[in-house]
$ cat data-v8.tsv   # TSV, C-alpha atoms
chain	number	residue	atom	x	y	z
A	1178	MET	CA	143.04	157.12	96.19
A	1179	ASP	CA	141.47	158.43	92.95
A	1180	ASN	CA	138.94	156.43	90.99
A	1181	ALA	CA	141.42	155.17	88.36
A	1182	MET	CA	143.82	153.86	91.01
A	1183	TRP	CA	140.95	152.25	92.94
A	1184	THR	CA	139.70	150.52	89.80
A	1185	GLU	CA	143.20	149.28	88.94
A	1186	LYS	CA	143.75	147.90	92.44
A	1187	TYR	CA	140.65	145.73	92.36
A	1188	ARG	CA	140.91	144.46	88.78
A	1189	PRO	CA	141.58	140.69	88.66
A	1190	SER	CA	145.15	139.52	88.14
A	1191	ASP	CA	145.04	135.73	88.47
A	1192	PHE	CA	142.93	132.80	87.26
A	1193	SER	CA	142.15	131.90	90.90
A	1194	GLU	CA	139.93	135.01	91.04
A	1195	ILE	CA	137.55	133.59	88.41
A	1196	SER	CA	134.87	131.68	90.32
A	1197	GLY	CA	132.58	128.94	89.03
A	1198	GLN	CA	134.10	128.60	85.54
A	1199	ASP	CA	136.66	125.85	86.11
A	1200	GLU	CA	136.34	124.14	82.70
A	1201	THR	CA	136.55	127.44	80.84
A	1202	VAL	CA	139.65	128.52	82.79
A	1203	LYS	CA	141.24	125.13	82.16
A	1204	ARG	CA	140.72	125.47	78.39
A	1205	VAL	CA	142.06	129.03	78.35
A	1206	LYS	CA	145.20	127.98	80.24
A	1207	ALA	CA	145.79	125.28	77.63
A	1208	PHE	CA	145.76	127.93	74.88
A	1209	LEU	CA	148.19	130.16	76.78
A	1210	LYS	CA	150.82	127.47	77.42
A	1211	ASN	CA	152.79	128.51	74.34
A	1212	GLY	CA	152.12	132.22	74.77
A	1213	ASN	CA	149.60	132.19	71.93
A	1214	MET	CA	145.85	131.94	71.44
A	1215	PRO	CA	143.13	132.19	68.76
A	1216	HIS	CA	140.33	134.75	68.72
A	1217	LEU	CA	137.97	134.01	71.63
A	1218	LEU	CA	134.21	134.34	72.05
A	1219	PHE	CA	132.87	134.47	75.62
A	1220	ALA	CA	129.11	133.87	75.80
A	1221	GLY	CA	126.94	133.77	78.90
A	1222	PRO	CA	124.88	135.72	81.44
A	1223	ALA	CA	126.01	138.97	83.03
A	1224	GLY	CA	128.20	138.88	86.13
A	1225	THR	CA	129.79	135.48	85.49
A	1226	GLY	CA	133.40	136.60	84.93
A	1227	LYS	CA	133.77	137.24	81.17
A	1228	THR	CA	135.50	140.62	81.46
A	1229	SER	CA	137.56	139.47	84.44
A	1230	LEU	CA	138.89	136.50	82.50
A	1231	ALA	CA	139.80	138.71	79.51
A	1232	ILE	CA	141.82	140.98	81.81
A	1233	VAL	CA	143.58	138.03	83.46
A	1234	ILE	CA	144.51	136.64	80.03
A	1235	SER	CA	146.02	140.00	79.06
A	1236	ARG	CA	147.98	140.25	82.31
A	1237	LYS	CA	149.34	136.73	81.95
A	1238	LEU	CA	150.44	137.31	78.35
A	1239	PHE	CA	151.83	140.83	78.64
A	1240	GLY	CA	152.82	141.25	82.30
A	1241	GLY	CA	153.51	144.88	83.21
A	1242	GLN	CA	152.81	146.06	79.66
A	1243	TRP	CA	149.26	144.67	79.54
A	1244	LYS	CA	147.48	148.06	79.59
A	1245	GLU	CA	149.42	149.34	76.55
A	1246	ASN	CA	148.54	146.24	74.53
A	1247	PHE	CA	144.94	145.77	75.65
A	1248	LEU	CA	141.99	147.77	74.31
A	1249	GLU	CA	138.66	147.39	76.09
A	1250	LEU	CA	135.53	148.67	74.35
A	1251	ASN	CA	131.85	148.34	75.18
A	1252	ALA	CA	130.07	147.66	71.92
A	1253	SER	CA	126.69	148.69	73.34
A	1254	ASP	CA	127.93	152.29	73.73
A	1255	GLU	CA	128.97	152.63	70.09
A	1256	ARG	CA	127.38	149.86	68.08
A	1257	GLY	CA	127.74	151.18	64.53
A	1258	ILE	CA	130.27	150.47	61.82
A	1259	ASN	CA	132.37	153.55	62.68
A	1260	VAL	CA	133.57	152.07	65.99
A	1261	ILE	CA	135.05	149.16	64.01
A	1262	ARG	CA	136.52	151.31	61.23
A	1263	GLU	CA	138.08	153.83	63.61
A	1264	ASN	CA	138.71	152.65	67.20
A	1265	VAL	CA	139.21	148.95	66.53
A	1266	LYS	CA	141.04	149.16	63.18
A	1267	ASN	CA	143.41	151.93	64.32
A	1268	PHE	CA	144.43	149.94	67.41
A	1269	ALA	CA	144.77	146.67	65.51
A	1270	ARG	CA	147.02	148.10	62.77
A	1271	THR	CA	149.60	149.69	65.13
A	1272	ARG	CA	152.64	147.80	66.33
A	1273	THR	CA	152.77	146.16	69.73
A	1274	ILE	CA	154.58	147.86	72.60
A	1275	GLY	CA	157.43	145.83	74.03
A	1276	ASP	CA	158.37	142.24	73.30
A	1277	VAL	CA	154.87	140.79	72.86
A	1278	PRO	CA	153.61	138.86	69.81
A	1279	PHE	CA	150.21	140.56	69.43
A	1280	LYS	CA	147.73	142.96	71.00
A	1281	ILE	CA	144.31	142.09	72.43
A	1282	ILE	CA	141.07	143.91	71.68
A	1283	TYR	CA	138.25	143.09	74.07
A	1284	LEU	CA	134.77	143.92	72.74
A	1285	ASP	CA	132.24	143.70	75.55
A	1286	GLU	CA	128.55	143.21	74.69
A	1287	SER	CA	129.50	142.53	71.09
A	1288	ASP	CA	126.03	141.11	70.40
A	1289	ALA	CA	124.88	144.77	70.40
A	1290	LEU	CA	126.91	145.48	67.24
A	1291	THR	CA	124.84	146.01	64.11
A	1292	ARG	CA	125.12	143.42	61.35
A	1293	GLU	CA	127.12	145.85	59.18
A	1294	ALA	CA	129.54	146.47	62.06
A	1295	GLN	CA	129.97	142.72	62.55
A	1296	GLN	CA	130.79	142.28	58.85
A	1297	ALA	CA	133.44	145.02	59.15
A	1298	LEU	CA	134.76	143.33	62.30
A	1299	ARG	CA	135.04	140.03	60.44
A	1300	ARG	CA	137.26	141.65	57.80
A	1301	THR	CA	139.39	143.34	60.46
A	1302	MET	CA	139.87	140.00	62.24
A	1303	GLU	CA	141.07	138.50	58.94
A	1304	ASN	CA	143.43	141.33	57.97
A	1305	TYR	CA	145.18	141.86	61.30
A	1306	THR	CA	145.25	138.37	62.78
A	1307	ARG	CA	149.09	138.38	62.91
A	1308	THR	CA	149.29	141.48	65.10
A	1309	CYS	CA	146.03	141.38	67.03
A	1310	ARG	CA	143.70	138.91	68.78
A	1311	PHE	CA	140.05	139.59	69.57
A	1312	ILE	CA	138.09	138.55	72.64
A	1313	LEU	CA	134.38	139.06	72.07
A	1314	SER	CA	131.96	139.00	74.97
A	1315	CYS	CA	128.21	138.60	74.58
A	1316	ASN	CA	125.09	137.45	76.39
A	1317	TYR	CA	123.63	135.71	73.34
A	1318	SER	CA	126.04	134.05	70.89
A	1319	SER	CA	123.16	133.55	68.43
A	1320	LYS	CA	123.31	137.31	67.73
A	1321	ILE	CA	126.90	137.02	66.51
A	1322	ILE	CA	127.13	136.30	62.77
A	1323	GLU	CA	128.37	132.84	61.79
A	1324	PRO	CA	131.58	134.03	60.02
A	1325	ILE	CA	132.78	135.56	63.31
A	1326	GLN	CA	131.78	132.55	65.40
A	1327	SER	CA	133.69	130.23	63.06
A	1328	ARG	CA	136.87	132.30	63.57
A	1329	CYS	CA	136.70	132.08	67.36
A	1330	ALA	CA	137.13	129.47	70.05
A	1331	VAL	CA	133.78	129.64	71.85
A	1332	PHE	CA	133.59	129.56	75.65
A	1333	ARG	CA	130.20	129.36	77.37
A	1334	PHE	CA	129.94	130.80	80.87
A	1335	GLN	CA	127.43	129.51	83.41
A	1336	ARG	CA	125.60	131.30	86.18
A	1337	LEU	CA	127.48	130.83	89.43
A	1338	LYS	CA	126.36	127.94	91.60
A	1339	LYS	CA	125.17	128.42	95.15
A	1340	GLU	CA	128.45	127.23	96.67
A	1341	ASP	CA	130.40	129.70	94.49
A	1342	ILE	CA	128.14	132.57	95.51
A	1343	PHE	CA	128.46	131.59	99.18
A	1344	SER	CA	132.25	131.45	98.85
A	1345	ILE	CA	132.34	134.95	97.34
A	1346	MET	CA	130.04	136.22	100.12
A	1347	GLU	CA	132.35	134.89	102.81
A	1348	LYS	CA	135.42	136.33	101.10
A	1349	ILE	CA	133.84	139.80	100.86
A	1350	ALA	CA	132.49	139.62	104.42
A	1351	LYS	CA	135.93	138.74	105.77
A	1352	ALA	CA	137.70	141.48	103.81
A	1353	GLU	CA	135.14	144.16	104.70
A	1354	LYS	CA	134.50	142.96	108.29
A	1355	LEU	CA	130.82	142.27	107.70
A	1356	THR	CA	128.50	139.87	109.51
A	1357	ILE	CA	126.03	137.90	107.36
A	1358	GLU	CA	123.11	136.20	109.09
A	1359	GLU	CA	122.52	132.60	107.98
A	1360	GLY	CA	119.12	133.35	106.43
A	1361	SER	CA	120.64	136.30	104.59
A	1362	LYS	CA	122.90	134.04	102.54
A	1363	GLU	CA	119.93	132.36	100.90
A	1364	ALA	CA	118.33	135.77	100.35
A	1365	LEU	CA	121.52	137.10	98.71
A	1366	TYR	CA	121.72	134.06	96.46
A	1367	GLU	CA	118.06	134.38	95.40
A	1368	ALA	CA	118.33	138.14	94.82
A	1369	SER	CA	121.57	137.92	92.83
A	1370	GLY	CA	120.43	135.03	90.63
A	1371	GLY	CA	123.98	133.73	90.21
A	1372	ASP	CA	125.25	137.16	89.08
A	1373	CYS	CA	128.46	138.01	90.98
A	1374	ARG	CA	128.32	141.70	90.06
A	1375	LYS	CA	124.76	141.99	91.33
A	1376	LEU	CA	125.72	140.17	94.53
A	1377	GLU	CA	128.53	142.64	95.21
A	1378	ASN	CA	126.27	145.64	94.57
A	1379	ILE	CA	123.60	144.31	96.95
A	1380	MET	CA	126.17	143.59	99.66
A	1381	GLN	CA	127.71	147.04	99.27
A	1382	SER	CA	124.29	148.68	99.59
A	1383	CYS	CA	123.47	146.61	102.68
A	1384	ALA	CA	126.86	147.39	104.25
A	1385	ALA	CA	126.20	151.12	103.81
A	1386	LEU	CA	123.25	150.71	106.19
A	1387	SER	CA	124.86	148.36	108.70
A	1388	ALA	CA	127.88	146.06	109.11
A	1389	LYS	CA	125.37	143.30	109.87
A	1390	ILE	CA	123.55	142.07	106.76
A	1391	THR	CA	120.06	140.79	107.57
A	1392	GLU	CA	117.48	139.05	105.43
A	1393	LYS	CA	115.23	142.12	105.62
A	1394	SER	CA	117.97	144.50	104.48
A	1395	VAL	CA	118.77	142.25	101.50
A	1396	TYR	CA	115.19	142.18	100.24
A	1397	ASP	CA	114.72	145.92	100.89
A	1398	VAL	CA	117.92	146.90	99.10
A	1399	ALA	CA	117.52	144.46	96.19
A	1400	SER	CA	113.89	145.43	95.54
A	1401	PHE	CA	113.13	141.74	95.67
A	1402	ALA	CA	109.89	140.42	97.15
A	1403	ARG	CA	110.22	137.73	99.80
A	1404	PRO	CA	109.31	134.30	98.39
A	1405	LYS	CA	107.17	133.62	101.48
A	1406	GLU	CA	104.99	136.65	100.74
A	1407	LEU	CA	104.47	135.69	97.12
A	1408	LYS	CA	103.61	132.13	98.07
A	1409	GLU	CA	100.97	133.42	100.50
A	1410	ILE	CA	99.47	135.59	97.73
A	1411	LEU	CA	99.29	132.63	95.34
A	1412	GLU	CA	97.75	130.38	98.00
A	1413	THR	CA	95.16	133.07	98.81
A	1414	ALA	CA	94.27	133.25	95.12
A	1415	LEU	CA	94.07	129.45	94.88
A	1416	ALA	CA	91.61	129.51	97.77
A	1417	GLY	CA	89.35	131.72	95.65
A	1418	ARG	CA	89.86	134.94	97.64
A	1419	PHE	CA	90.64	137.12	94.63
A	1420	GLU	CA	90.13	140.56	96.23
A	1421	GLU	CA	92.30	139.71	99.22
A	1422	ALA	CA	95.05	138.29	96.97
A	1423	LYS	CA	94.94	141.35	94.70
A	1424	GLU	CA	95.22	143.76	97.66
A	1425	LYS	CA	98.22	141.89	99.10
A	1426	PHE	CA	99.83	141.59	95.69
A	1427	PHE	CA	99.84	145.29	94.84
A	1428	GLU	CA	100.84	146.19	98.40
A	1429	VAL	CA	103.97	144.01	98.00
A	1430	MET	CA	104.72	145.56	94.61
A	1431	THR	CA	104.47	149.08	96.06
A	1432	ARG	CA	106.53	148.27	99.16
A	1433	TYR	CA	109.46	146.82	97.20
A	1434	GLY	CA	109.13	149.15	94.21
A	1435	LEU	CA	108.78	146.28	91.74
A	1436	SER	CA	107.70	146.51	88.14
A	1437	GLY	CA	105.27	144.01	86.64
A	1438	ILE	CA	108.09	142.31	84.70
A	1439	ASP	CA	110.16	141.93	87.88
A	1440	ILE	CA	107.43	140.37	89.98
A	1441	ILE	CA	106.04	138.06	87.31
A	1442	LYS	CA	109.45	136.34	87.09
A	1443	GLN	CA	109.39	135.76	90.84
A	1444	LEU	CA	105.83	134.47	90.65
A	1445	GLN	CA	106.89	131.94	88.03
A	1446	SER	CA	109.47	130.49	90.45
A	1447	GLU	CA	106.99	130.33	93.32
A	1448	ILE	CA	104.33	128.55	91.25
A	1449	MET	CA	106.62	125.51	91.26
A	1450	ASN	CA	106.38	125.38	95.08
A	1451	LEU	CA	102.57	125.32	95.18
A	1452	SER	CA	100.70	122.21	96.35
A	1453	ILE	CA	98.68	121.72	93.17
A	1454	GLU	CA	98.59	119.15	90.39
A	1455	PRO	CA	101.65	119.18	88.05
A	1456	ARG	CA	99.36	119.79	85.09
A	1457	ALA	CA	97.92	122.88	86.79
A	1458	LYS	CA	101.45	124.14	87.48
A	1459	MET	CA	102.34	123.78	83.81
A	1460	ARG	CA	99.30	125.74	82.71
A	1461	LEU	CA	100.03	128.51	85.22
A	1462	ILE	CA	103.64	128.72	84.03
A	1463	GLU	CA	102.24	129.05	80.53
A	1464	LYS	CA	100.00	131.88	81.77
A	1465	THR	CA	102.93	133.77	83.30
A	1466	ALA	CA	104.74	133.60	79.94
A	1467	GLU	CA	101.66	134.88	78.13
A	1468	PHE	CA	101.10	137.83	80.47
A	1469	GLU	CA	104.80	138.69	80.59
A	1470	PHE	CA	104.81	138.87	76.78
A	1471	ARG	CA	101.77	141.14	76.81
A	1472	MET	CA	103.50	143.52	79.24
A	1473	VAL	CA	106.70	143.59	77.16
A	1474	GLU	CA	104.55	144.50	74.15
A	1475	GLY	CA	103.11	147.47	76.05
A	1476	SER	CA	99.90	146.22	77.70
A	1477	ASP	CA	98.81	147.79	80.99
A	1478	GLU	CA	100.67	145.85	83.68
A	1479	ARG	CA	98.00	146.22	86.36
A	1480	VAL	CA	95.32	144.74	84.09
A	1481	GLN	CA	97.62	141.87	83.08
A	1482	LEU	CA	98.66	141.07	86.67
A	1483	GLU	CA	95.01	141.04	87.80
A	1484	ALA	CA	94.27	138.68	84.91
A	1485	LEU	CA	97.11	136.41	86.06
A	1486	LEU	CA	95.72	136.34	89.60
A	1487	ALA	CA	92.32	135.52	88.15
A	1488	ALA	CA	93.89	132.57	86.33
A	1489	VAL	CA	95.38	131.36	89.63
A	1490	CYS	CA	91.94	131.67	91.29
A	1491	LEU	CA	90.44	129.66	88.46
A	1492	ALA	CA	93.12	127.00	88.91
A	1493	GLY	CA	92.02	126.53	92.50
A	1494	SER	CA	88.31	126.47	91.80
A	1495	ILE	CA	88.02	123.85	89.08
A	1496	SER	CA	88.38	120.10	89.50
A	1497	LYS	CA	91.75	118.39	89.05
A	1498	GLU	CA	90.53	116.50	86.00
A	1499	LYS	CA	89.83	119.66	83.98
A	1500	ASP	CA	92.16	122.15	82.31
A	1501	ILE	CA	92.60	125.64	83.71
$ encode --input "data-v8.tsv" --output "structure tokens"
Amino acid sequence: MDNAMWTEKYRPSDFSEISGQDETVKRVKAFLKNGNMPHLLFAGPAGTGKTSLAIVISRKLFGGQWKENFLELNASDERGINVIRENVKNFARTRTIGDVPFKIIYLDESDALTREAQQALRRTMENYTRTCRFILSCNYSSKIIEPIQSRCAVFRFQRLKKEDIFSIMEKIAKAEKLTIEEGSKEALYEASGGDCRKLENIMQSCAALSAKITEKSVYDVASFARPKELKEILETALAGRFEEAKEKFFEVMTRYGLSGIDIIKQLQSEIMNLSIEPRAKMRLIEKTAEFEFRMVEGSDERVQLEALLAAVCLAGSISKEKDI
């Protein structure tokens, strides 16, 4: 089976394949009852089913002719005004194929479009609304200009809940004849962060090593430090043993191949599990945000991470009545 056929086989075809977005699916079905719909804006994190839902909508409206009447573009690949003037406009202005009322253009990652491209898109949406409907997908709806948002029905996607992720795991494991250890399910959920696409990639990588997915293989493949290890590092720092905490910290980073940005996000989660005063937790969370910002701006990550550990040590050494 070639790549195109493989991709086609596993593309979603029914609303039942969209997990964890029940309210959104319900609203979309209401629009499609009469075989019509407005322009749509799908906003939410990656891996939550935005593209899958757009494809299902097209299949339900157009049946066997869905591919001829559905144009899928990734706006982050070509984000300038030319992609709107050429690719989008040319498709929108042509007649539909078969007995269908309109075509669908799906613009993935549309928040990557420049402001000029979005203005051109707004005009295209106005001029060809009788023959074409747009589905815009983005991570941040605030980056879409207001004139476009006002022309769309907005749907907000949520990260998948634990039960949804577990259900998808079991479905994949059954289809691919995999065994998932109980502790591995929690590890897969933590590593995926509610992102279905990331979950599938991690499971595929683990399955390439063994048909039995273990907690260790999940953390190794996902380049995700074990929460237990990070908690031990933080507790060592709180006890005032800075050198020991620093040595363990950078050893974990090296072993899992983590960047400073990756590990600081995990540290932020683990700070909430520490046995310290709530006020101290808040100040440490504030510190993680400060050092993460410094690293994003280009500061040396090793220096910033050592400074963060020093702040944790300080939190453990001063009295509960004082600020960190």
$ residues_around --input "data-v8.tsv" --residues "range 1398-1401 of chain A" --least-positions-apart "3" --cutoff "10 Å" --atoms "all atoms listed in the file" --output "PyMOL selection string"
chain A and resi 1364-1365+1367-1369+1375-1376+1378-1383+1386+1393-1395+1404+1429-1430+1432-1436+1439-1440+1443
$ atom_distance --input "data-v8.tsv" --atom1 "CA of Phe1343 in chain A" --atom2 "CA of Thr1201 in chain A"
20.5 Å
$ closest_residue --input "data-v8.tsv" --among "A:Cys1309, A:Ile1448, A:Val1473, A:Val1480" --to "Phe1427 in chain A" --atoms "all atoms listed in the file"
A:Val1480
$ residues_around --input "data-v8.tsv" --residues "Thr1413 in chain A" --least-positions-apart "4" --cutoff "12 Å" --atoms "only C-alpha atoms" --output "PDB file with C-alpha atoms, keeping the file's coordinate frame"
ATOM      1  CA  GLU A1406     104.990 136.650 100.740  1.00  0.00           C
ATOM      2  CA  LEU A1407     104.470 135.690  97.120  1.00  0.00           C
ATOM      3  CA  LYS A1408     103.610 132.130  98.070  1.00  0.00           C
ATOM      4  CA  GLU A1409     100.970 133.420 100.500  1.00  0.00           C
ATOM      5  CA  GLY A1417      89.350 131.720  95.650  1.00  0.00           C
ATOM      6  CA  ARG A1418      89.860 134.940  97.640  1.00  0.00           C
ATOM      7  CA  PHE A1419      90.640 137.120  94.630  1.00  0.00           C
ATOM      8  CA  GLU A1420      90.130 140.560  96.230  1.00  0.00           C
ATOM      9  CA  GLU A1421      92.300 139.710  99.220  1.00  0.00           C
ATOM     10  CA  ALA A1422      95.050 138.290  96.970  1.00  0.00           C
ATOM     11  CA  LYS A1423      94.940 141.350  94.700  1.00  0.00           C
ATOM     12  CA  GLU A1424      95.220 143.760  97.660  1.00  0.00           C
ATOM     13  CA  LYS A1425      98.220 141.890  99.100  1.00  0.00           C
ATOM     14  CA  PHE A1426      99.830 141.590  95.690  1.00  0.00           C
ATOM     15  CA  LEU A1451     102.570 125.320  95.180  1.00  0.00           C
ATOM     16  CA  LEU A1486      95.720 136.340  89.600  1.00  0.00           C
ATOM     17  CA  ALA A1487      92.320 135.520  88.150  1.00  0.00           C
ATOM     18  CA  VAL A1489      95.380 131.360  89.630  1.00  0.00           C
ATOM     19  CA  CYS A1490      91.940 131.670  91.290  1.00  0.00           C
ATOM     20  CA  LEU A1491      90.440 129.660  88.460  1.00  0.00           C
ATOM     21  CA  ALA A1492      93.120 127.000  88.910  1.00  0.00           C
ATOM     22  CA  GLY A1493      92.020 126.530  92.500  1.00  0.00           C
ATOM     23  CA  SER A1494      88.310 126.470  91.800  1.00  0.00           C
TER      24      SER A1494
END
$ residues_around --input "data-v8.tsv" --residues "Met1449 in chain A" --least-positions-apart "3" --cutoff "12 Å" --atoms "only C-alpha atoms" --output "ChimeraX atom specification"
/A:1404,1407-1408,1411,1442-1446,1452-1462
$ residues_around --input "data-v8.tsv" --residues "Phe1192 in chain A" --least-positions-apart "4" --cutoff "8 Å" --atoms "only C-alpha atoms" --output "NGL selection string"
:A and (1202 or 1230 or 1233)
$ closest_residue --input "data-v8.tsv" --among "A:Cys1315, A:Val1277, A:Leu1217, A:Leu1238" --to "Asn1251 in chain A" --atoms "only C-alpha atoms"
A:Cys1315
$ closest_residue --input "data-v8.tsv" --among "A:Glu1363, A:Arg1374, A:Ala1220, A:Lys1348" --to "Ser1319 in chain A" --atoms "all atoms listed in the file"
A:Ala1220
$ closest_residue --input "data-v8.tsv" --among "A:Ala1488, A:Cys1373, A:Ala1207, A:Ala1330" --to "Leu1415 in chain A" --atoms "all atoms listed in the file"
A:Ala1488
$ decode --input "data-v8.tsv" --residues "range 1392-1445 of chain A" --atoms "C-alpha atoms" --output "short mmCIF file (atom, residue, chain, number, x, y, z; two decimals), in the first residue's frame"
data_model
loop_
_atom_site.label_atom_id
_atom_site.label_comp_id
_atom_site.auth_asym_id
_atom_site.auth_seq_id
_atom_site.Cartn_x
_atom_site.Cartn_y
_atom_site.Cartn_z
CA GLU A 1392 6.63 3.08 31.81
CA LYS A 1393 10.37 3.24 31.13
CA SER A 1394 9.96 2.97 27.36
CA VAL A 1395 7.37 5.79 27.40
CA TYR A 1396 9.64 8.21 29.24
CA ASP A 1397 12.67 7.22 27.14
CA VAL A 1398 10.85 7.61 23.83
CA ALA A 1399 8.99 10.80 24.78
CA SER A 1400 12.11 12.54 26.14
CA PHE A 1401 10.08 13.23 29.25
CA ALA A 1402 11.64 13.18 32.70
CA ARG A 1403 9.93 11.02 35.30
CA PRO A 1404 7.96 13.16 37.77
CA LYS A 1405 9.44 11.15 40.66
CA GLU A 1406 12.98 12.14 39.64
CA LEU A 1407 12.12 15.81 39.38
CA LYS A 1408 10.38 15.77 42.73
CA GLU A 1409 13.49 14.24 44.33
CA ILE A 1410 15.63 17.01 42.79
CA LEU A 1411 13.33 19.72 44.13
CA GLU A 1412 13.23 18.13 47.60
CA THR A 1413 17.05 17.89 47.61
CA ALA A 1414 17.24 21.59 46.76
CA LEU A 1415 14.69 22.45 49.45
CA ALA A 1416 16.89 20.62 51.96
CA GLY A 1417 19.69 23.05 51.08
CA ARG A 1418 21.89 20.54 49.21
CA PHE A 1419 22.41 22.73 46.14
CA GLU A 1420 25.41 20.92 44.62
CA GLU A 1421 23.75 17.52 44.90
CA ALA A 1422 20.50 18.85 43.39
CA LYS A 1423 22.37 20.53 40.53
CA GLU A 1424 24.31 17.34 39.70
CA LYS A 1425 21.12 15.23 39.63
CA PHE A 1426 19.27 17.88 37.65
CA PHE A 1427 21.72 18.11 34.76
CA GLU A 1428 22.19 14.33 34.75
CA VAL A 1429 18.41 13.93 34.18
CA MET A 1430 18.46 16.57 31.44
CA THR A 1431 21.32 14.79 29.65
CA ARG A 1432 19.78 11.32 30.01
CA TYR A 1433 16.43 12.33 28.51
CA GLY A 1434 17.83 14.86 26.05
CA LEU A 1435 15.70 17.70 27.41
CA SER A 1436 16.07 21.38 26.67
CA GLY A 1437 15.80 23.99 29.41
CA ILE A 1438 12.34 25.05 28.16
CA ASP A 1439 11.11 21.44 28.25
CA ILE A 1440 12.25 20.69 31.77
CA ILE A 1441 11.20 23.99 33.33
CA LYS A 1442 7.58 23.26 32.32
CA GLN A 1443 7.78 19.90 34.07
CA LEU A 1444 9.33 21.51 37.13
CA GLN A 1445 6.43 23.94 37.33
#
